[in-house]
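**Student:** Quick one: this structure, given as structure tokens, is what I'll be asking you about.
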Amino acid sequence: MPASAAAPRATLDLHVRVWGMGANDRPFSQTASAQNVSVTGACIIGLEHELKIGDVIGVQYESRKARCKVIWITEAGGAKKIQVGVQLVADQECPWLSVLPIESRSNLPAPTADNRRRFRRHKISFPIELRDERVNTPMRVNATDISGNGCYVETAMPLPLSTVLRVDFWMEQEHVSASATVRTRDPGVGMGIEFTGLPEETKHRFQAYLEKQDPGINIAAPKPA
């Protein structure tokens, strides 16, 4: 994987789940093997669905999920089927970090500066309701990777970029309703949503609420800027 050659690689064979949108424009989900892994990517072996370079796919190892970009593809044939090299999308946590040798963990990528990520993301399942007001059909989903500023929703058919939504959720007994906008879309995987209509004070209160809900918050971590 040339794009992340600086990351030390470990020769492992990890059982993973992979999902996304195939080159035939149909969503897929299957098991595969992650080999030659690092803190920034892996070689995924045994895919049965054709992909394109630049596609974003979901990869899950045990209970940890991440979004990855396809950076190379090889038609291996036989039991290996299709092989792809993947690189973690920016700000995604490495799902197999716990099984990497210590020497392979020494090159963790530094957090990227992004004004939209002023709030720490929490990888918890959080129920919300989304409504595309053009069709007025509610979508009741569990958001993941959520903060006071937005969230990521897993869906095989994400809405178009810039779609304006109405988002509703609860903070204990308080009902919150605001406008939101689709900022990223990964066909077959999901979409990133920004809470554009949420007042700044409410964003901070929601962030504090999420920190109370996150069982991993007691782990020492840098405070968000």
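Each chain in the structure tokens gets a letter, A, B and so on, in the order shown; residues start at 1 in every chain, and ligands are counted from 1 in the order they appear.
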Would you list the contacts of Glu50 (chain A) as a list in words, taking every protein, DNA or RNA residue within 12 Å and counting only C-alpha atoms, but skipping same-chain residues closer than 5 positions in sequence?

**Tutor:**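 So, after excluding close chain neighbours, the residues are Trp19, Gly20, Met21, Gly22, Ala23, Asn24, Asp25, Arg26, Pro27, Phe28, Asp55, Ile57, Val70, Trp72, Ile73, Thr74, Glu75, Ala76, Lys81, Ile82, Gln83 and Val84 of chain A.
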
**Student:** Got a sec: who's within 9 Å of Gly150 (chain A), counting only C-alpha atoms, leaving out chain neighbours fewer than 2 positions off, as a VMD selection string?

**Tutor:** chain A and resid 116 to 117 121 145 to 148 152 180 192 to 196

**Student:** Could you take the residues named above and write them with N, CA and C atoms, as a PDB file, in the first residue's frame?

**Tutor:**
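What follows is the written file part.pdb:
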ATOM      1  N   ARG A 116     -14.846  21.750  11.886  1.00  0.00           N
ATOM      2  CA  ARG A 116     -16.124  21.077  12.060  1.00  0.00           C
ATOM      3  C   ARG A 116     -16.053  20.044  13.174  1.00  0.00           C
ATOM      4  N   ARG A 117     -14.860  19.643  13.584  1.00  0.00           N
ATOM      5  CA  ARG A 117     -14.681  18.634  14.615  1.00  0.00           C
ATOM      6  C   ARG A 117     -14.250  19.275  15.928  1.00  0.00           C
ATOM      7  N   ARG A 121     -15.843  13.201  18.985  1.00  0.00           N
ATOM      8  CA  ARG A 121     -16.826  12.250  18.494  1.00  0.00           C
ATOM      9  C   ARG A 121     -16.942  11.077  19.464  1.00  0.00           C
ATOM     10  N   ASP A 145     -20.809   7.495  15.843  1.00  0.00           N
ATOM     11  CA  ASP A 145     -19.781   8.518  15.635  1.00  0.00           C
ATOM     12  C   ASP A 145     -20.426   9.899  15.748  1.00  0.00           C
ATOM     13  N   ILE A 146     -20.944  10.209  16.938  1.00  0.00           N
ATOM     14  CA  ILE A 146     -21.795  11.386  17.119  1.00  0.00           C
ATOM     15  C   ILE A 146     -21.164  12.398  18.057  1.00  0.00           C
ATOM     16  N   SER A 147     -21.436  13.666  17.808  1.00  0.00           N
ATOM     17  CA  SER A 147     -20.964  14.752  18.671  1.00  0.00           C
ATOM     18  C   SER A 147     -22.027  15.833  18.705  1.00  0.00           C
ATOM     19  N   GLY A 148     -21.736  16.928  19.418  1.00  0.00           N
ATOM     20  CA  GLY A 148     -22.665  18.040  19.470  1.00  0.00           C
ATOM     21  C   GLY A 148     -22.837  18.745  18.148  1.00  0.00           C
ATOM     22  N   TYR A 152     -22.754  10.425  12.202  1.00  0.00           N
ATOM     23  CA  TYR A 152     -22.689   9.570  11.017  1.00  0.00           C
ATOM     24  C   TYR A 152     -23.785   8.525  11.150  1.00  0.00           C
ATOM     25  N   ALA A 180     -30.709  20.059   9.780  1.00  0.00           N
ATOM     26  CA  ALA A 180     -29.419  19.400   9.592  1.00  0.00           C
ATOM     27  C   ALA A 180     -29.163  19.278   8.100  1.00  0.00           C
ATOM     28  N   GLY A 192     -22.655  11.417   6.512  1.00  0.00           N
ATOM     29  CA  GLY A 192     -22.309  12.313   7.597  1.00  0.00           C
ATOM     30  C   GLY A 192     -23.246  13.495   7.608  1.00  0.00           C
ATOM     31  N   ILE A 193     -23.753  13.846   8.786  1.00  0.00           N
ATOM     32  CA  ILE A 193     -24.774  14.889   8.923  1.00  0.00           C
ATOM     33  C   ILE A 193     -24.289  15.957   9.886  1.00  0.00           C
ATOM     34  N   GLU A 194     -24.427  17.220   9.496  1.00  0.00           N
ATOM     35  CA  GLU A 194     -24.084  18.341  10.367  1.00  0.00           C
ATOM     36  C   GLU A 194     -25.367  18.948  10.920  1.00  0.00           C
ATOM     37  N   PHE A 195     -25.383  19.197  12.240  1.00  0.00           N
ATOM     38  CA  PHE A 195     -26.542  19.821  12.872  1.00  0.00           C
ATOM     39  C   PHE A 195     -26.469  21.333  12.653  1.00  0.00           C
ATOM     40  N   THR A 196     -26.857  21.765  11.469  1.00  0.00           N
ATOM     41  CA  THR A 196     -26.672  23.169  11.077  1.00  0.00           C
ATOM     42  C   THR A 196     -27.586  24.120  11.831  1.00  0.00           C
TER      43      THR A 196
END

**Student:** Tell me which of A:Ser177, A:Asn36, A:Thr163, A:Gln213 sits closest to Ser125 (chain A), counting only C-alpha atoms.

**Tutor:**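 The closest residue to Ser125 (chain A) is A:Gln213.
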
**Student:** Might you pull out every residue within 10 Å of Val56 (chain A), with only C-alpha atoms counted and same-chain residues fewer than 2 positions away left off, and present them as a list in words?

**Tutor:**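 Skipping anything fewer than 2 positions along the chain leaves Trp19, Gly20, Met21, Leu51, Lys52, Ile53, Gly54, Gly58, Val59, Arg67, Cys68, Lys69, Val70, Ile71, Val86, Gln87, Leu88, Val89, Arg185, Asp186, Pro187, Gly188, Val189 and Gly190 of chain A.
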
**Student:** Any chance you could list, as a compact mmCIF listing (two decimals) with C-alpha atoms, in the first residue's frame, the residues in region 77-194 of chain A that come up strand (DSSP E) when DSSP is run on the backbone?

**Tutor:**
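result-v1.txt was written with the following content:
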# COMPACT_ATOMS: atom_id res chain seq x y z
CA GLY A 77 -8.40 -15.32 -8.50
CA LYS A 81 -10.72 -13.72 -5.11
CA ILE A 82 -10.44 -9.91 -5.16
CA GLN A 83 -7.83 -8.15 -3.01
CA VAL A 84 -8.01 -4.47 -2.13
CA GLY A 85 -5.69 -2.17 -0.26
CA VAL A 86 -7.56 0.14 2.08
CA GLN A 87 -6.58 3.20 4.07
CA LEU A 88 -8.52 4.52 7.07
CA PHE A 126 -27.70 7.07 19.67
CA PRO A 127 -31.35 7.04 18.46
CA ILE A 128 -32.41 9.96 16.31
CA GLU A 129 -35.16 10.68 13.79
CA LEU A 130 -34.37 12.23 10.42
CA ARG A 131 -36.98 13.70 8.11
CA ASP A 132 -36.45 14.83 4.55
CA THR A 137 -41.04 10.50 5.57
CA PRO A 138 -39.31 9.96 8.92
CA MET A 139 -36.22 7.75 9.22
CA ARG A 140 -35.70 6.35 12.72
CA VAL A 141 -32.07 5.35 12.97
CA ASN A 142 -29.26 4.85 15.45
CA ALA A 143 -26.51 7.35 14.72
CA THR A 144 -22.90 6.41 15.33
CA ASP A 145 -19.78 8.52 15.64
CA ILE A 146 -21.80 11.39 17.12
CA SER A 147 -20.96 14.75 18.67
CA GLY A 150 -23.18 16.18 13.92
CA CYS A 151 -23.19 12.42 13.44
CA TYR A 152 -22.69 9.57 11.02
CA VAL A 153 -25.65 7.37 10.08
CA GLU A 154 -25.13 3.92 8.58
CA VAL A 164 -31.65 19.54 4.23
CA LEU A 165 -33.20 17.43 6.98
CA ARG A 166 -35.12 17.87 10.20
CA VAL A 167 -33.40 16.02 13.06
CA ASP A 168 -35.16 15.10 16.31
CA PHE A 169 -33.68 13.47 19.41
CA TRP A 170 -34.00 13.44 23.18
CA MET A 171 -31.67 14.52 25.97
CA GLU A 174 -35.82 17.36 26.64
CA HIS A 175 -36.95 17.05 23.05
CA VAL A 176 -34.54 18.68 20.58
CA SER A 177 -35.54 19.50 17.00
CA ALA A 178 -33.35 21.32 14.48
CA SER A 179 -32.35 21.48 10.85
CA ALA A 180 -29.42 19.40 9.59
CA THR A 181 -27.53 18.98 6.33
CA VAL A 182 -25.95 15.97 4.63
CA ARG A 183 -22.24 16.79 4.33
CA THR A 184 -20.71 13.46 3.24
CA ARG A 185 -22.14 10.38 1.57
CA ASP A 186 -20.58 6.94 1.14
CA GLY A 190 -23.69 5.78 5.24
CA MET A 191 -23.73 9.56 5.44
CA GLY A 192 -22.31 12.31 7.60
CA ILE A 193 -24.77 14.89 8.92
CA GLU A 194 -24.08 18.34 10.37

**Student:** Could you work out how far CA of Ile124 (chain A) lies from CA of Ala66 (chain A), giving the answer in Å with one decimal?

**Tutor:**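 We find that CA of Ala66 (chain A) and CA of Ile124 (chain A) lie 13.1 Å from each other.
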
**Student:** Point out the residue among A:Ser63, A:Gln207, A:Thr40, A:Thr31 with the least atom-to-atom distance to Asn149 (chain A), counting only C-alpha atoms.

**Tutor:** A:Gln207
